[in-house]
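Structure file data-v1.cif (mmCIF, C-alpha atoms) follows.
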```cif
data_query
#
loop_
_atom_site.group_PDB
_atom_site.id
_atom_site.type_symbol
_atom_site.label_atom_id
_atom_site.label_comp_id
_atom_site.auth_asym_id
_atom_site.auth_seq_id
_atom_site.Cartn_x
_atom_site.Cartn_y
_atom_site.Cartn_z
ATOM 1 C CA MET A 1 14.906 -29.233 26.130
ATOM 2 C CA LEU A 2 12.291 -26.502 25.982
ATOM 3 C CA ARG A 3 9.539 -26.608 28.536
ATOM 4 C CA GLY A 4 5.880 -26.014 27.758
ATOM 5 C CA GLY A 5 5.791 -22.234 28.203
ATOM 6 C CA THR A 6 8.946 -21.494 26.236
ATOM 7 C CA SER A 7 7.912 -23.968 23.546
ATOM 8 C CA LEU A 8 4.674 -22.045 23.045
ATOM 9 C CA LEU A 9 6.620 -18.786 22.934
ATOM 10 C CA GLY A 10 8.883 -20.232 20.251
ATOM 11 C CA ILE A 11 5.860 -21.199 18.163
ATOM 12 C CA VAL A 12 4.301 -17.766 18.627
ATOM 13 C CA ASN A 13 7.487 -16.044 17.474
ATOM 14 C CA PHE A 14 7.786 -18.324 14.461
ATOM 15 C CA VAL A 15 4.238 -17.352 13.438
ATOM 16 C CA THR A 16 5.178 -13.689 13.935
ATOM 17 C CA PHE A 17 8.171 -14.186 11.638
ATOM 18 C CA LEU A 18 5.860 -15.613 8.978
ATOM 19 C CA ILE A 19 3.548 -12.614 9.370
ATOM 20 C CA SER A 20 6.418 -10.249 8.525
ATOM 21 C CA ILE A 21 6.723 -11.800 5.046
ATOM 22 C CA PRO A 22 3.422 -10.440 3.599
ATOM 23 C CA ILE A 23 4.137 -7.035 5.190
ATOM 24 C CA LEU A 24 7.519 -6.920 3.473
ATOM 25 C CA GLY A 25 5.891 -8.217 0.293
ATOM 26 C CA GLY A 26 3.414 -5.329 0.324
ATOM 27 C CA GLY A 27 6.233 -2.807 0.753
ATOM 28 C CA ILE A 28 8.292 -4.371 -2.032
ATOM 29 C CA TRP A 29 5.238 -4.353 -4.309
ATOM 30 C CA LEU A 30 4.749 -0.648 -3.629
ATOM 31 C CA ALA A 31 8.448 -0.093 -4.313
ATOM 32 C CA SER A 32 8.165 -1.865 -7.672
ATOM 33 C CA ARG A 33 5.219 0.337 -8.600
ATOM 34 C CA ALA A 34 7.144 3.396 -7.451
ATOM 35 C CA ASN A 35 9.878 2.602 -9.938
ATOM 36 C CA SER A 36 7.649 1.743 -12.889
ATOM 37 C CA THR A 37 4.031 2.856 -12.430
ATOM 38 C CA ASP A 38 3.070 5.318 -9.697
ATOM 39 C CA CYS A 39 6.500 7.012 -9.424
ATOM 40 C CA ILE A 40 5.844 7.816 -5.743
ATOM 41 C CA ARG A 41 8.965 6.794 -3.851
ATOM 42 C CA PHE A 42 8.125 7.651 -0.241
ATOM 43 C CA LEU A 43 5.039 5.497 0.376
ATOM 44 C CA GLN A 44 6.694 2.090 0.557
ATOM 45 C CA TRP A 45 9.294 2.856 3.214
ATOM 46 C CA PRO A 46 6.980 2.819 6.270
ATOM 47 C CA ILE A 47 5.648 -0.607 5.247
ATOM 48 C CA ILE A 48 9.121 -2.003 4.588
ATOM 49 C CA ALA A 49 10.339 -0.617 7.933
ATOM 50 C CA ILE A 50 7.420 -2.217 9.812
ATOM 51 C CA GLY A 51 7.967 -5.544 8.020
ATOM 52 C CA LEU A 52 11.682 -5.569 8.875
ATOM 53 C CA ALA A 53 10.923 -4.591 12.472
ATOM 54 C CA VAL A 54 8.442 -7.467 12.858
ATOM 55 C CA MET A 55 10.992 -9.879 11.384
ATOM 56 C CA VAL A 56 13.838 -8.743 13.659
ATOM 57 C CA VAL A 57 11.669 -8.622 16.776
ATOM 58 C CA SER A 58 10.242 -12.096 16.109
ATOM 59 C CA LEU A 59 13.772 -13.506 15.759
ATOM 60 C CA MET A 60 14.696 -11.771 19.010
ATOM 61 C CA GLY A 61 11.688 -13.305 20.749
ATOM 62 C CA PHE A 62 12.465 -16.709 19.278
ATOM 63 C CA ALA A 63 16.024 -16.512 20.617
ATOM 64 C CA GLY A 64 14.721 -15.434 24.007
ATOM 65 C CA ALA A 65 12.335 -18.407 24.098
ATOM 66 C CA CYS A 66 15.000 -20.904 23.018
ATOM 67 C CA TYR A 67 17.645 -19.718 25.463
ATOM 68 C CA ARG A 68 15.209 -18.705 28.204
ATOM 69 C CA GLN A 69 16.382 -15.109 28.270
ATOM 70 C CA THR A 70 13.658 -13.260 30.139
ATOM 71 C CA TRP A 71 15.010 -9.813 29.237
ATOM 72 C CA LEU A 72 14.795 -10.676 25.526
ATOM 73 C CA LEU A 73 11.192 -11.800 25.918
ATOM 74 C CA ARG A 74 10.306 -8.617 27.780
ATOM 75 C CA LEU A 75 11.945 -6.543 25.042
ATOM 76 C CA TYR A 76 10.109 -8.590 22.404
ATOM 77 C CA LEU A 77 6.685 -7.915 23.940
ATOM 78 C CA PHE A 78 7.522 -4.235 24.474
ATOM 79 C CA ALA A 79 8.703 -3.758 20.872
ATOM 80 C CA MET A 80 5.821 -5.760 19.408
ATOM 81 C CA PHE A 81 3.310 -3.499 21.138
ATOM 82 C CA PHE A 82 4.752 -0.444 19.384
ATOM 83 C CA ILE A 83 4.846 -2.300 16.059
ATOM 84 C CA VAL A 84 1.135 -3.085 16.374
ATOM 85 C CA VAL A 85 0.449 0.580 17.134
ATOM 86 C CA ALA A 86 2.582 1.688 14.152
ATOM 87 C CA LEU A 87 0.801 -0.709 11.801
ATOM 88 C CA LEU A 88 -2.577 0.496 13.045
ATOM 89 C CA PHE A 89 -1.488 4.108 12.519
ATOM 90 C CA PHE A 90 -0.407 3.373 8.946
ATOM 91 C CA ILE A 91 -3.716 1.681 8.125
ATOM 92 C CA VAL A 92 -5.707 4.635 9.482
ATOM 93 C CA PHE A 93 -3.414 7.071 7.679
ATOM 94 C CA ALA A 94 -3.706 5.176 4.376
ATOM 95 C CA PHE A 95 -7.505 5.287 4.438
ATOM 96 C CA ALA A 96 -7.585 8.891 5.679
ATOM 97 C CA VAL A 97 -5.436 10.323 2.854
ATOM 98 C CA THR A 98 -7.226 8.314 0.161
ATOM 99 C CA ASP A 99 -10.791 8.865 1.320
ATOM 100 C CA ARG A 100 -11.750 11.110 -1.613
ATOM 101 C CA GLY A 101 -11.388 10.961 -5.355
ATOM 102 C CA ASP A 102 -12.962 8.632 -7.875
ATOM 103 C CA GLY A 103 -12.900 8.444 -11.614
ATOM 104 C CA GLN A 104 -15.677 10.129 -13.563
ATOM 105 C CA VAL A 105 -17.777 8.271 -16.096
ATOM 106 C CA VAL A 106 -17.641 9.734 -19.618
ATOM 107 C CA MET A 107 -20.369 9.086 -22.144
ATOM 108 C CA ASN A 108 -19.463 6.495 -24.798
ATOM 109 C CA ARG A 109 -16.162 5.711 -23.048
ATOM 110 C CA ARG A 110 -15.339 2.594 -21.101
ATOM 111 C CA PHE A 111 -12.408 4.197 -19.289
ATOM 112 C CA LEU A 112 -12.779 6.734 -16.508
ATOM 113 C CA GLU A 113 -11.324 10.220 -16.423
ATOM 114 C CA TYR A 114 -9.884 11.991 -13.411
ATOM 115 C CA GLN A 115 -9.915 15.578 -12.148
ATOM 116 C CA LEU A 116 -7.548 17.057 -9.594
ATOM 117 C CA SER A 117 -10.399 19.002 -7.983
ATOM 118 C CA ASP A 118 -11.889 15.696 -6.773
ATOM 119 C CA TYR A 119 -8.929 15.202 -4.431
ATOM 120 C CA ASN A 120 -7.820 17.154 -1.404
ATOM 121 C CA GLY A 121 -5.659 16.872 1.665
ATOM 122 C CA TRP A 122 -2.021 16.165 2.314
ATOM 123 C CA LEU A 123 -1.469 13.645 -0.489
ATOM 124 C CA ARG A 124 -2.930 15.953 -3.151
ATOM 125 C CA ASP A 125 -0.741 18.835 -1.981
ATOM 126 C CA ARG A 126 2.277 16.557 -1.993
ATOM 127 C CA VAL A 127 1.721 15.328 -5.555
ATOM 128 C CA ALA A 128 0.712 18.756 -6.893
ATOM 129 C CA ASP A 129 3.779 20.469 -5.451
ATOM 130 C CA PRO A 130 5.679 21.808 -8.514
ATOM 131 C CA ALA A 131 9.098 20.596 -7.360
ATOM 132 C CA TYR A 132 7.847 17.120 -6.494
ATOM 133 C CA TRP A 133 5.685 16.883 -9.607
ATOM 134 C CA ALA A 134 8.763 17.595 -11.733
ATOM 135 C CA THR A 135 10.295 14.420 -10.296
ATOM 136 C CA ILE A 136 7.120 12.385 -10.817
ATOM 137 C CA SER A 137 6.581 13.555 -14.407
ATOM 138 C CA ALA A 138 10.225 12.835 -15.248
ATOM 139 C CA CYS A 139 9.771 9.336 -13.816
ATOM 140 C CA LEU A 140 6.659 8.813 -15.947
ATOM 141 C CA ARG A 141 8.500 9.911 -19.099
ATOM 142 C CA ASP A 142 11.601 7.859 -18.359
ATOM 143 C CA GLY A 143 9.490 4.853 -17.476
ATOM 144 C CA ARG A 144 7.610 5.140 -20.783
ATOM 145 C CA ALA A 145 4.288 5.042 -18.948
ATOM 146 C CA CYS A 146 2.345 5.629 -22.176
ATOM 147 C CA ALA A 147 4.266 3.217 -24.402
ATOM 148 C CA ALA A 148 2.079 0.281 -23.374
ATOM 149 C CA MET A 149 -0.993 2.032 -24.769
ATOM 150 C CA ARG A 150 -0.005 1.428 -28.380
ATOM 151 C CA ARG A 151 -2.059 -1.308 -29.974
ATOM 152 C CA PHE A 152 -2.527 -2.355 -33.548
ATOM 153 C CA ALA A 153 -5.322 -4.075 -35.406
ATOM 154 C CA ARG A 154 -5.151 -5.921 -38.707
ATOM 155 C CA ASP A 155 -6.832 -4.159 -41.603
ATOM 156 C CA PRO A 156 -9.341 -6.610 -43.140
ATOM 157 C CA ASN A 157 -8.709 -5.203 -46.625
ATOM 158 C CA THR A 158 -4.927 -5.054 -46.735
ATOM 159 C CA GLY A 159 -4.030 -7.466 -43.952
ATOM 160 C CA MET A 160 -1.552 -4.917 -42.586
ATOM 161 C CA LEU A 161 -1.293 -3.854 -38.967
ATOM 162 C CA VAL A 162 -2.708 -0.372 -38.450
ATOM 163 C CA PRO A 163 -3.461 1.687 -35.305
ATOM 164 C CA GLU A 164 -6.711 0.653 -33.679
ATOM 165 C CA THR A 165 -9.820 2.612 -34.584
ATOM 166 C CA PRO A 166 -11.370 5.261 -32.301
ATOM 167 C CA SER A 167 -14.232 2.933 -31.364
ATOM 168 C CA MET A 168 -11.741 0.258 -30.319
ATOM 169 C CA PHE A 169 -9.775 2.756 -28.265
ATOM 170 C CA TYR A 170 -12.869 4.145 -26.538
ATOM 171 C CA ALA A 171 -13.853 0.606 -25.540
ATOM 172 C CA ARG A 172 -10.569 0.022 -23.703
ATOM 173 C CA ASP A 173 -10.183 -0.025 -19.923
ATOM 174 C CA LEU A 174 -7.281 2.374 -19.354
ATOM 175 C CA SER A 175 -5.330 2.695 -16.130
ATOM 176 C CA PRO A 176 -5.663 6.018 -14.248
ATOM 177 C CA ILE A 177 -2.229 7.168 -15.429
ATOM 178 C CA GLN A 178 -2.936 6.185 -19.043
ATOM 179 C CA SER A 179 -6.255 8.027 -18.946
ATOM 180 C CA GLY A 180 -4.891 11.145 -17.260
ATOM 181 C CA CYS A 181 -1.369 11.474 -18.692
ATOM 182 C CA CYS A 182 -1.340 9.868 -22.135
ATOM 183 C CA LYS A 183 -4.304 11.508 -23.843
ATOM 184 C CA PRO A 184 -6.157 14.825 -23.680
ATOM 185 C CA PRO A 185 -9.365 15.059 -21.644
ATOM 186 C CA THR A 186 -12.515 14.180 -23.571
ATOM 187 C CA SER A 187 -13.830 17.688 -22.895
ATOM 188 C CA CYS A 188 -11.175 19.044 -25.284
ATOM 189 C CA ALA A 189 -13.020 17.314 -28.187
ATOM 190 C CA TYR A 190 -9.781 16.475 -29.973
ATOM 191 C CA ASN A 191 -9.746 14.116 -32.943
ATOM 192 C CA TYR A 192 -8.229 10.684 -32.350
ATOM 193 C CA VAL A 193 -5.327 9.721 -34.642
ATOM 194 C CA ASN A 194 -3.743 7.102 -32.408
ATOM 195 C CA GLU A 195 -3.503 6.515 -28.675
ATOM 196 C CA THR A 196 -0.992 9.322 -28.049
ATOM 197 C CA PHE A 197 -1.577 11.581 -31.037
ATOM 198 C CA TRP A 198 -4.633 13.829 -31.189
ATOM 199 C CA THR A 199 -5.518 16.859 -33.318
ATOM 200 C CA ALA A 200 -7.672 19.824 -32.443
ATOM 201 C CA ASN A 201 -11.126 19.936 -33.992
ATOM 202 C CA PRO A 202 -11.796 23.541 -35.020
ATOM 203 C CA GLY A 203 -15.464 22.838 -35.621
ATOM 204 C CA VAL A 204 -16.154 21.745 -32.031
ATOM 205 C CA PRO A 205 -15.685 24.210 -29.164
ATOM 206 C CA THR A 206 -13.743 22.963 -26.174
ATOM 207 C CA VAL A 207 -14.550 23.545 -22.551
ATOM 208 C CA VAL A 208 -13.218 26.999 -21.748
ATOM 209 C CA ASN A 209 -12.223 26.327 -18.148
ATOM 210 C CA ASP A 210 -10.296 23.131 -18.888
ATOM 211 C CA VAL A 211 -6.684 24.367 -18.929
ATOM 212 C CA ASP A 212 -5.458 20.854 -19.724
ATOM 213 C CA CYS A 213 -6.535 21.344 -23.345
ATOM 214 C CA SER A 214 -3.789 23.924 -23.833
ATOM 215 C CA ARG A 215 -1.266 21.783 -21.954
ATOM 216 C CA TRP A 216 -1.688 18.792 -24.249
ATOM 217 C CA SER A 217 1.100 18.205 -26.754
ATOM 218 C CA ASN A 218 1.634 15.517 -29.378
ATOM 219 C CA ASP A 219 5.317 15.558 -28.456
ATOM 220 C CA GLN A 220 5.784 12.081 -27.010
ATOM 221 C CA GLN A 221 8.027 13.501 -24.288
ATOM 222 C CA THR A 222 5.352 15.971 -23.217
ATOM 223 C CA LEU A 223 1.857 14.570 -23.905
ATOM 224 C CA CYS A 224 -0.256 15.541 -20.873
ATOM 225 C CA PHE A 225 2.419 15.089 -18.207
ATOM 226 C CA GLN A 226 1.872 18.678 -17.039
ATOM 227 C CA CYS A 227 -1.919 18.352 -16.958
ATOM 228 C CA ASP A 228 -3.977 18.368 -13.777
ATOM 229 C CA SER A 229 -5.661 15.227 -15.110
ATOM 230 C CA CYS A 230 -2.265 13.496 -15.010
ATOM 231 C CA LYS A 231 -1.780 14.456 -11.373
ATOM 232 C CA ALA A 232 -5.267 13.161 -10.651
ATOM 233 C CA GLY A 233 -4.443 9.922 -12.462
ATOM 234 C CA VAL A 234 -1.351 9.451 -10.305
ATOM 235 C CA LEU A 235 -3.440 10.079 -7.185
ATOM 236 C CA ALA A 236 -6.009 7.522 -8.358
ATOM 237 C CA GLY A 237 -3.243 4.979 -8.921
ATOM 238 C CA ILE A 238 -1.847 5.655 -5.458
ATOM 239 C CA LYS A 239 -5.290 5.237 -3.954
ATOM 240 C CA LYS A 240 -5.717 1.806 -5.542
ATOM 241 C CA SER A 241 -2.241 0.678 -4.472
ATOM 242 C CA TRP A 242 -2.574 1.948 -0.913
ATOM 243 C CA ARG A 243 -6.028 0.465 -0.448
ATOM 244 C CA LYS A 244 -4.804 -2.966 -1.562
ATOM 245 C CA VAL A 245 -1.853 -2.876 0.826
ATOM 246 C CA ALA A 246 -3.998 -1.445 3.648
ATOM 247 C CA ILE A 247 -6.538 -4.274 3.315
ATOM 248 C CA LEU A 248 -3.697 -6.813 3.476
ATOM 249 C CA ASN A 249 -2.321 -5.044 6.543
ATOM 250 C CA ILE A 250 -5.726 -5.166 8.260
ATOM 251 C CA VAL A 251 -5.660 -8.956 8.010
ATOM 252 C CA VAL A 252 -2.040 -8.995 9.203
ATOM 253 C CA LEU A 253 -2.897 -6.647 12.096
ATOM 254 C CA ILE A 254 -5.702 -8.911 13.320
ATOM 255 C CA ILE A 255 -3.386 -11.933 13.245
ATOM 256 C CA LEU A 256 -0.606 -9.929 14.882
ATOM 257 C CA VAL A 257 -2.858 -8.831 17.749
ATOM 258 C CA ILE A 258 -3.967 -12.431 18.338
ATOM 259 C CA VAL A 259 -0.337 -13.590 18.284
ATOM 260 C CA TYR A 260 0.667 -10.766 20.638
ATOM 261 C CA VAL A 261 -2.033 -11.690 23.160
ATOM 262 C CA ALA A 262 -0.990 -15.341 22.904
ATOM 263 C CA GLY A 263 2.626 -14.286 23.410
ATOM 264 C CA CYS A 264 1.740 -12.360 26.578
ATOM 265 C CA ALA A 265 -0.152 -15.359 27.936
ATOM 266 C CA ALA A 266 2.687 -17.711 27.017
ATOM 267 C CA PHE A 267 5.216 -15.389 28.667
ATOM 268 C CA ARG A 268 3.258 -15.365 31.921
ATOM 269 C CA ASN A 269 2.880 -19.129 31.716
ATOM 270 C CA ALA A 270 6.609 -19.580 31.107
ATOM 271 C CA ARG A 271 7.480 -17.415 34.089
ATOM 272 C CA ARG A 272 5.055 -19.361 36.264
ATOM 273 C CA ILE A 273 6.696 -22.618 35.214
ATOM 274 C CA GLU A 274 10.218 -21.287 35.722
ATOM 275 C CA ASN A 275 9.329 -20.055 39.212
ATOM 276 C CA ASP A 276 7.507 -23.309 40.052
ATOM 277 C CA GLU A 277 4.380 -21.365 40.904
ATOM 278 C CA PRO A 278 1.224 -23.450 41.430
ATOM 279 C CA PHE A 279 -1.664 -23.194 38.983
ATOM 280 C CA GLY A 280 -5.248 -22.544 39.958
ATOM 281 C CA MET A 281 -6.130 -21.440 43.470
ATOM 282 C CA ALA A 282 -3.261 -20.483 45.718
ATOM 283 C CA ARG A 283 -2.717 -22.783 48.668
ATOM 284 C CA MET A 284 -2.699 -21.353 52.217
ATOM 285 C CA THR A 285 0.230 -22.322 54.382
ATOM 286 C CA LYS A 286 0.488 -22.019 58.126
ATOM 287 C CA THR A 287 3.344 -20.067 59.659
ATOM 288 C CA GLN A 288 2.937 -21.870 63.005
ATOM 289 C CA PRO A 289 1.907 -25.449 63.782
ATOM 290 C CA SER A 290 -1.581 -25.933 65.159
ATOM 291 C CA ARG A 291 -2.032 -26.553 68.853
ATOM 292 C CA PHE A 292 -4.654 -29.123 68.175
ATOM 293 C CA GLN A 293 -3.312 -32.558 67.417
ATOM 294 C CA PHE A 294 -5.431 -35.204 65.750
#
```
Can I see the file as structure tokens?
Amino acid sequence: MLRGGTSLLGIVNFVTFLISIPILGGGIWLASRANSTDCIRFLQWPIIAIGLAVMVVSLMGFAGACYRQTWLLRLYLFAMFFIVVALLFFIVFAFAVTDRGDGQVVMNRRFLEYQLSDYNGWLRDRVADPAYWATISACLRDGRACAAMRRFARDPNTGMLVPETPSMFYARDLSPIQSGCCKPPTSCAYNYVNETFWTANPGVPTVVNDVDCSRWSNDQQTLCFQCDSCKAGVLAGIKKSWRKVAILNIVVLIILVIVYVAGCAAFRNARRIENDEPFGMARMTKTQPSRFQF
């Protein structure tokens, strides 16, 4: 039967095991977005690794508490300390690399537009790297990232389904990737035909320094996947995903620190019980009997 100290350690490790589930869930969610939305396949692995490490270490600590294996408990506390440090490092890193870059408001548009110049740092250089961007853009094409944009409205005169009107499209709340990769920038002043088909307007001059206007193509396999606005849209999507997971990990980190402190206290308590050490003030014992007899 477990004694008080080891019982508390078992409870602490069970709570730690439960904490690993949302960490793993955050990593799996990032992995699902990497395969279908953001197409960034390296961001989820640190989270998944930390979640698996917490799960394995908590099981190790639970076994040590159940079978009273002191060396397992020591290893559990040692490993958990480094896991807490790793999780803290990831949270700081996630906020540091996503500290800049926000969508820009466009007149008479509900959706935001994104520019690569608004971003900087390691993550921007990683996404903008030509070799890596070739992989991301291929993932966006293969994942049909722009297919979900197509919407139809019923013509009140004929009753037939037709592409939505420009005013309906401009009132939509597009995702960063849809705004950056699936349509030309508003500064190009192209005419709307449907969500992914636009024609140049010869009567309206475009912004000269916006190179994305020449990169736009009505070819559904090309669209604006080579545009800087598309890269910025991917970065904006990553920022949203990372911030959500980082906020979840902040909550998990606070709980994990509390559990770790409780585990340290329970470990000391368990050792005190196993060694039959007295609690409270230590008692003084005499090495020689007193000469005075009462």
Atom CA of A:Trp216 to atom CA of A:Ile136, straight-line distance in Å: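 Atom-to-atom, atom CA of A:Ile136 to atom CA of A:Trp216, that is 17.3 Å.
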d(atom CA of A:Asn191, atom CA of A:Ala236) in Å: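 It comes out at 25.7 Å.
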Tell me, counting only C-alpha atoms, for each residue of stretch 76-186 of chain A within 9 Å of stretch 55-63 of chain A, which pair of atoms is nearest and how far apart they are in Å to one decimal, in rows ordered by chain and increasing number, as a Markdown table.
```
| residue | atom | partner | partner_atom | distance |
| --- | --- | --- | --- | --- |
| A:Tyr76 | CA | A:Gly61 | CA | 5.2 |
| A:Leu77 | CA | A:Gly61 | CA | 8.0 |
| A:Ala79 | CA | A:Val57 | CA | 7.0 |
| A:Met80 | CA | A:Val57 | CA | 7.0 |
```
Atom-to-atom span, atom CA of A:Ala96 and atom CA of A:Phe82, Å: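 Straight-line distance from atom CA of A:Ala96 to atom CA of A:Phe82 works out to 20.7 Å.
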Closest of A:Arg141, A:Arg172, A:Arg268, A:Arg124 to A:Arg100 - atom-to-atom distances counting all atoms listed in the file: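 The answer is A:Arg124, which sits nearest to A:Arg100.
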Any chance you could resolve the PyMOL selection byres ((chain A and resi 212) around 9) against this file and give the residues as an mmCIF file with C-alpha atoms, keeping the file's coordinate frame?
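For reference, result.cif as written:
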```
data_model
loop_
_atom_site.group_PDB
_atom_site.id
_atom_site.type_symbol
_atom_site.label_atom_id
_atom_site.label_comp_id
_atom_site.auth_asym_id
_atom_site.auth_seq_id
_atom_site.Cartn_x
_atom_site.Cartn_y
_atom_site.Cartn_z
ATOM 1 C CA PRO A 184 -6.157 14.825 -23.680
ATOM 2 C CA PRO A 185 -9.365 15.059 -21.644
ATOM 3 C CA CYS A 188 -11.175 19.044 -25.284
ATOM 4 C CA ASN A 209 -12.223 26.327 -18.148
ATOM 5 C CA ASP A 210 -10.296 23.131 -18.888
ATOM 6 C CA VAL A 211 -6.684 24.367 -18.929
ATOM 7 C CA CYS A 213 -6.535 21.344 -23.345
ATOM 8 C CA SER A 214 -3.789 23.924 -23.833
ATOM 9 C CA ARG A 215 -1.266 21.783 -21.954
ATOM 10 C CA TRP A 216 -1.688 18.792 -24.249
ATOM 11 C CA CYS A 224 -0.256 15.541 -20.873
ATOM 12 C CA GLN A 226 1.872 18.678 -17.039
ATOM 13 C CA CYS A 227 -1.919 18.352 -16.958
ATOM 14 C CA ASP A 228 -3.977 18.368 -13.777
ATOM 15 C CA SER A 229 -5.661 15.227 -15.110
#
```
How close does stretch 117-220 of chain A get to stretch 238-254 of chain A? List, as CSV, each residue of stretch 117-220 of chain A within 12 Å, its nearest atom pair and the distance in Å to one decimal, counting all atoms listed in the file.
```
residue,atom,partner,partner_atom,distance
A:Tyr119,CA,A:Lys239,CA,10.6
A:Leu123,CA,A:Ile238,CA,9.4
A:Arg124,CA,A:Ile238,CA,10.6
A:Val127,CA,A:Ile238,CA,10.3
A:Ser175,CA,A:Lys240,CA,10.6
A:Pro176,CA,A:Ile238,CA,9.6
A:Ile177,CA,A:Ile238,CA,10.1
```
Option closest in space to A:Gly237, from A:Ser217, A:Thr199, A:Asn194, A:Gln178 [counting only C-alpha atoms]: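 Using only C-alpha atoms, A:Gly237 sits closest to A:Gln178.
Of the residues listed (A:Leu256, A:Gln44, A:Ile91, A:Arg126), A:Leu256 shows the shortest atom-to-atom separation from A:Ser20; distances use only C-alpha atoms.
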Nearest-residue call for A:Ile47, choices A:Met149, A:Phe78, A:Leu87, A:Leu18, using all atoms listed in the file: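 Counting all atoms listed in the file, the residue closest to A:Ile47 is A:Leu87.
Taken over the whole file, the PyMOL selection byres ((chain A and resi 115) around 9) covers exactly Gly101, Asp102, Gly103, Gln104, Glu113, Tyr114, Leu116, Ser117, Asp118, Tyr119, Gly180, Asp228, Ser229, Cys230, Lys231, Ala232 and Gly233 of chain A.
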Okay, now the selection with C-alpha atoms, as an mmCIF file, in the frame of the given file?
```cif
data_model
loop_
_atom_site.group_PDB
_atom_site.id
_atom_site.type_symbol
_atom_site.label_atom_id
_atom_site.label_comp_id
_atom_site.auth_asym_id
_atom_site.auth_seq_id
_atom_site.Cartn_x
_atom_site.Cartn_y
_atom_site.Cartn_z
ATOM 1 C CA GLY A 101 -11.388 10.961 -5.355
ATOM 2 C CA ASP A 102 -12.962 8.632 -7.875
ATOM 3 C CA GLY A 103 -12.900 8.444 -11.614
ATOM 4 C CA GLN A 104 -15.677 10.129 -13.563
ATOM 5 C CA GLU A 113 -11.324 10.220 -16.423
ATOM 6 C CA TYR A 114 -9.884 11.991 -13.411
ATOM 7 C CA LEU A 116 -7.548 17.057 -9.594
ATOM 8 C CA SER A 117 -10.399 19.002 -7.983
ATOM 9 C CA ASP A 118 -11.889 15.696 -6.773
ATOM 10 C CA TYR A 119 -8.929 15.202 -4.431
ATOM 11 C CA GLY A 180 -4.891 11.145 -17.260
ATOM 12 C CA ASP A 228 -3.977 18.368 -13.777
ATOM 13 C CA SER A 229 -5.661 15.227 -15.110
ATOM 14 C CA CYS A 230 -2.265 13.496 -15.010
ATOM 15 C CA LYS A 231 -1.780 14.456 -11.373
ATOM 16 C CA ALA A 232 -5.267 13.161 -10.651
ATOM 17 C CA GLY A 233 -4.443 9.922 -12.462
#
```
Residue with smallest distance to A:Met168 - pool A:Phe90, A:Tyr67, A:Phe111, A:Phe267, counting all atoms listed in the file: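 Of all the options, A:Phe111 lies closest to A:Met168.
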Residue nearest A:Gly51 among A:Ser32, A:Ser137, A:Thr16, A:Ser187 (counting only C-alpha atoms):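 Selected residue with least distance to A:Gly51: A:Thr16.
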Result set, the PyMOL selection byres ((chain A and resi 263-265) around 8) on current file, as a PyMOL selection string: chain A and resi 9+12-13+77+259-262+266-269
Please dump the current selection as a CSV table (one decimal), in the coordinates of the input; keep C-alpha atoms.
```
chain,number,residue,atom,x,y,z
A,9,LEU,CA,6.6,-18.8,22.9
A,12,VAL,CA,4.3,-17.8,18.6
A,13,ASN,CA,7.5,-16.0,17.5
A,77,LEU,CA,6.7,-7.9,23.9
A,259,VAL,CA,-0.3,-13.6,18.3
A,260,TYR,CA,0.7,-10.8,20.6
A,261,VAL,CA,-2.0,-11.7,23.2
A,262,ALA,CA,-1.0,-15.3,22.9
A,266,ALA,CA,2.7,-17.7,27.0
A,267,PHE,CA,5.2,-15.4,28.7
A,268,ARG,CA,3.3,-15.4,31.9
A,269,ASN,CA,2.9,-19.1,31.7
```
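Once A:Val193 and its same-chain neighbours fewer than 4 positions away are set aside, Arg150, Val162, Pro163, Glu164, Thr165, Pro166, Ser167, Phe169, Lys183, Phe197, Trp198, Thr199, Ala200, Asn201 and Asn218 of chain A remain within 12 Å of it when counting only C-alpha atoms.
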If the box runs along x, y and z of the file and leaves 8 Å on each side of stretch 189-201 of chain A, what are its centre and edge lengths in Å, one decimal, as AutoDock Vina command-line options?
```
--center_x -7.0 --center_y 13.2 --center_z -31.3 --size_x 28.0 --size_y 29.4 --size_z 22.6
```
Identify, on the basis of all atoms listed in the file, every residue whose closest approach to A:Thr186 does not exceed 8 Å; exclude the query and any residue fewer than 3 positions from it along the same chain; express the result as a short mmCIF file (atom, residue, chain, number, x, y, z; two decimals) with C-alpha atoms, in the frame of the given file.
```
data_model
loop_
_atom_site.label_atom_id
_atom_site.label_comp_id
_atom_site.auth_asym_id
_atom_site.auth_seq_id
_atom_site.Cartn_x
_atom_site.Cartn_y
_atom_site.Cartn_z
CA VAL A 106 -17.64 9.73 -19.62
CA ALA A 189 -13.02 17.31 -28.19
CA TYR A 190 -9.78 16.48 -29.97
#
```
